[in-house]
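Peer 1: Here's a structure for you.
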Amino acid sequence: MSSISLKNVKKAYGNDVVIENLNLEIRDGSFTVLVGPSGCGKSTTLRMITGLEAVTEGDVYIDGQRVNDVAPGKRDISMVFQNYALYPTMTVEENIEFGLANKKVPKEERKRRINEVCEIVGLTAYLKRKPANLSGGQRQRVALARAMVKDPKVFMMDEPLSNLDAKLRAQMRVELINMHKRMGTTFVYVTHDQVEAMTMADDIVLMDNGKIIQQSGPKELYHNPNCIYTAQFVGTPQTNILDGRLPDGMKLGFRPEKVRLHTMNEGEGINIPASVQTKEMLGSEIIYSLDTPYGVIMCKSEDDVEDGTILMVGVKFDSMYLFGADTMRRPLGEAERKMIAAAFREGKA
Amino acid sequence: MKERNKALDAGLNILDIVGKLVLIVVMAFPFFWMISTALKTLGETLLYPPSLLPESPQWSNFAEVFKTIPVGQYLINSLIVCVSVVFLQYLIIVPAAYSLSKYEFKAKSLVFALVMLGQMIPMQITFLPIYFMFSDMGLMDTYVALIIPFISNPFGIFMLRQYFLQVPSEVIEAAKLDNASDIKIMFRIMMPMVRPALVTIGLLSFISNWNNYFWPLIMTSQDAYRTLPIGIALLKDADTLQRWNVIMAGNLLLVLPMLGLYILASKKIRNAFVYSGIK
């Protein structure tokens with residue numbers, strides 16, 4: 001178990017600065033997910049923690065110890081790669097054993113640990129096979145076993161599920177959560193998939209352009225986004241943003257699932273005239289795209305309304321986010337409610 | 001129209017087959033002639049017009065080779081030289097190819113260009129200075145003189161580098177996180193992954209050294225260090241009369257090990273050349 005901290009870290013490739021002044025604290029024993037679009041610097045951050053990438057400036061600490069000059073193999077870190085990175089010429093057993101042998105763990109102990117880990121991930125029957133003769137899911141397990149067997153201080157994963165099919169991915173998510181509970185080790189997980197982040201993380205670090213946009217628990221991130229970027233990154237369909245109605249360039253945001261297909265009382269929320277443009281049936285819910293005088297808004301509801309219906313939809317003040325012209329979140333008090341109510345007075349286009 | 005196309009196709013097909021047959025004959029005939037002559041009597045080799053096949057195979061020609069020259073000694077010398085060259089080449093080209101493919105360092109492309117330049121300089125330009133240098137150092141008539149000039153192999157470095165480039169970096173990174181040293185990564189991870197290339201490079205270099213005539217000729221003057229090609233050539237000078245049947249038997253002895261080796265490894269060699277990537 002270990003905490004990780006990055007202090008004033010900068011990463012540049014030549015003149016190309018990828019990450020500038022990154023400060024990040026990863027709690028001991030947490031399941032922390034670095035999430036963001038591709039190219040946001042999340043993988044680079046992960047690789048700087050592992051030591052596979054050197055930091056240009058700043059310091060990396062693991063367990064309070066500065067590790068800038070410590071070789072990757074000496075940092076007591078295990079990593080699962082996106083394409084598994086198994087050693088193709090070695091059997092499953094040799095793949096798992098390689099790290100232990102390099103750490104000079106005695107043969108008896110190695111055997112015991114390999115058997116134990118393979119029992120957990122269900123690989124016992126495949127120990128003598130080569131990776132080429134395994135399915136994608138099995139290779140994934142070998143990669144996990146290889147990482148687990150070293151009993152590392154920190155467990156890193158770089159998009160480990162992206163090569164699996166949807167069903168297997170959902171199954172592995174549950175297994176990873178269980179694994180984290182069982183091992184109690186610090187997990188650092190990189191993904192671009194917000195669903196993976198939301199379902200597995202204790203802590204989510206949302207990144208964009210080499211900067212941390214918000215770091216918080218999944219619940220907090222969903223219910224309390226600190227800017228438009230976060231609000232729109234988490235949740236599908238993404239948060240509706242109404243621009244151009246409020247003074248000083250302020251913007252109004254609300255989630256599709258908070259749009260009600262009925263009117264609100266004055267003082268409770270706002271009402272928007274809308275017509276149903278498209279309708280996507282998901283089973284338990286329906287996603288509507290609604291044409292309104294303020295632009296197209298998305299709505300997720302259990303209520304079934306026909307295509308083309310013209311109706312009034314309502315959004316409660318409690319479900320709204322107010323953002324400033326700088327896209328950052330603003331407090332939404334009594335005065336702001338009045339301002340919003342006035343701006344979206346019924347039917348006013 | 002269709003009929004004519006068919007006729008044209010058939011004609012081209014025949015031309016194709018005939019062309020290939022001619023090529024095969026051109027390539028294989030000298031080889032056949034060597035085998036045939038090796039089994040003839042001395043009288044038959046001098047017949048005019050020559051006979052294609054011996055009347056009865058003269059296996060004693062081979063015994064004659066062994067009687068005329070110390071074949072065993074030459075064979076051992078050839079093996080010592082070729083095996084040492086190949087072994088030392090691996091020690092140099094594997095780390096060189098690894099660093100040129102997977103390491104970032106200043107002037108990397110310049111170093112690579114220099115390696116390639118080494119391939120382009122003909123031996124004829126370098127052999128004289130090397131000869132004088134070795135002669136000054138008293139290395140004439142030693143194994144060292146036969147081995148050292150050949151342990152660099154720019155083509156091998158180039159080919160192996162291409163292979164190493166195809167090994168995913170993640171595999172190397174995984175090994176680094178598994179606390180493996182660079183030496184270990186090279187020998188335990190990379191080398192097994194490119195085995196066909198290593199076999200090919202080793203084999204090509206073994207064959208070219210096995211056949212090397214010029215360098216051993218100028219560097220050796222005693223049987224103790226002469227290699228097999230020199231020895232076989234000595235057959236020609238052993239007698240006043242050219243005993244072509246014995247000379248050809250000697251040549252056959254020289255070629256057979258290489259032929260066997262090639263047949264054994266031909267699949268690996270072909271794989272190495274049509275190599276399509278490691279998955």
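Chain lettering (A, B, ...) mirrors the order of the structure tokens, residue numbering begins at 1 for each chain separately, and ligand numbering begins at 1 in order of display.
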Using only C-alpha atoms, find which residues of chain B lie within 7 Å of chain A and jot them down as a PyMOL selection string.
Peer 2: chain B and resi 170-171+173-174+176-180+189+192-193
Peer 1: Using only C-alpha atoms, which residues sit within 12 Å of Glu220 in chain A once same-chain residues fewer than 2 positions away are excluded, as a PyMOL selection string?
Peer 2: chain A and resi 198+201-205+214-218+222-226+230-231+234
Peer 1: Please build the interface table for range 179-260 of chain A against range 303-314 of chain A with a cut-off of 10 Å, listing for each qualifying residue the nearest atom pair and the distance in Å to one decimal; count only C-alpha atoms, order rows by chain and increasing number, and write it as JSON lines.
Peer 2:
```
{"residue": "A:Lys258", "atom": "CA", "partner": "A:Gly314", "partner_atom": "CA", "distance": 8.7}
{"residue": "A:Val259", "atom": "CA", "partner": "A:Gly314", "partner_atom": "CA", "distance": 6.0}
{"residue": "A:Arg260", "atom": "CA", "partner": "A:Gly314", "partner_atom": "CA", "distance": 5.1}
```
Peer 1: Might you pull out every residue within 9 Å of Met186 in chain B, with only C-alpha atoms counted and same-chain residues fewer than 6 positions away left off, and present them as a list in words?
Peer 2: Val94, Pro95, Tyr98 and Pro192 of chain B
Peer 1: Print the selection's residues with N, CA and C atoms to a file, as a compact mmCIF listing (two decimals), in the first residue's frame.
Peer 2:
```txt
# COMPACT_ATOMS: atom_id res chain seq x y z
N VAL B 94 23.72 -8.12 -31.72
CA VAL B 94 22.50 -8.07 -30.92
C VAL B 94 22.42 -6.77 -30.11
N PRO B 95 23.45 -6.45 -29.31
CA PRO B 95 23.38 -5.17 -28.59
C PRO B 95 23.34 -3.97 -29.55
N TYR B 98 19.87 -3.70 -30.91
CA TYR B 98 18.96 -3.32 -29.82
C TYR B 98 19.05 -1.83 -29.55
N PRO B 192 14.67 -14.45 -28.27
CA PRO B 192 13.73 -15.52 -28.63
C PRO B 192 12.64 -15.04 -29.59
```
Peer 1: Show me, as a list in words, the residues that have an atom within 7 Å of range 45-48 of chain B when counting only C-alpha atoms, minus same-chain residues fewer than 4 positions from it.
Peer 2: Thr37, Lys40, Thr41, Trp244 and Asn245 of chain B
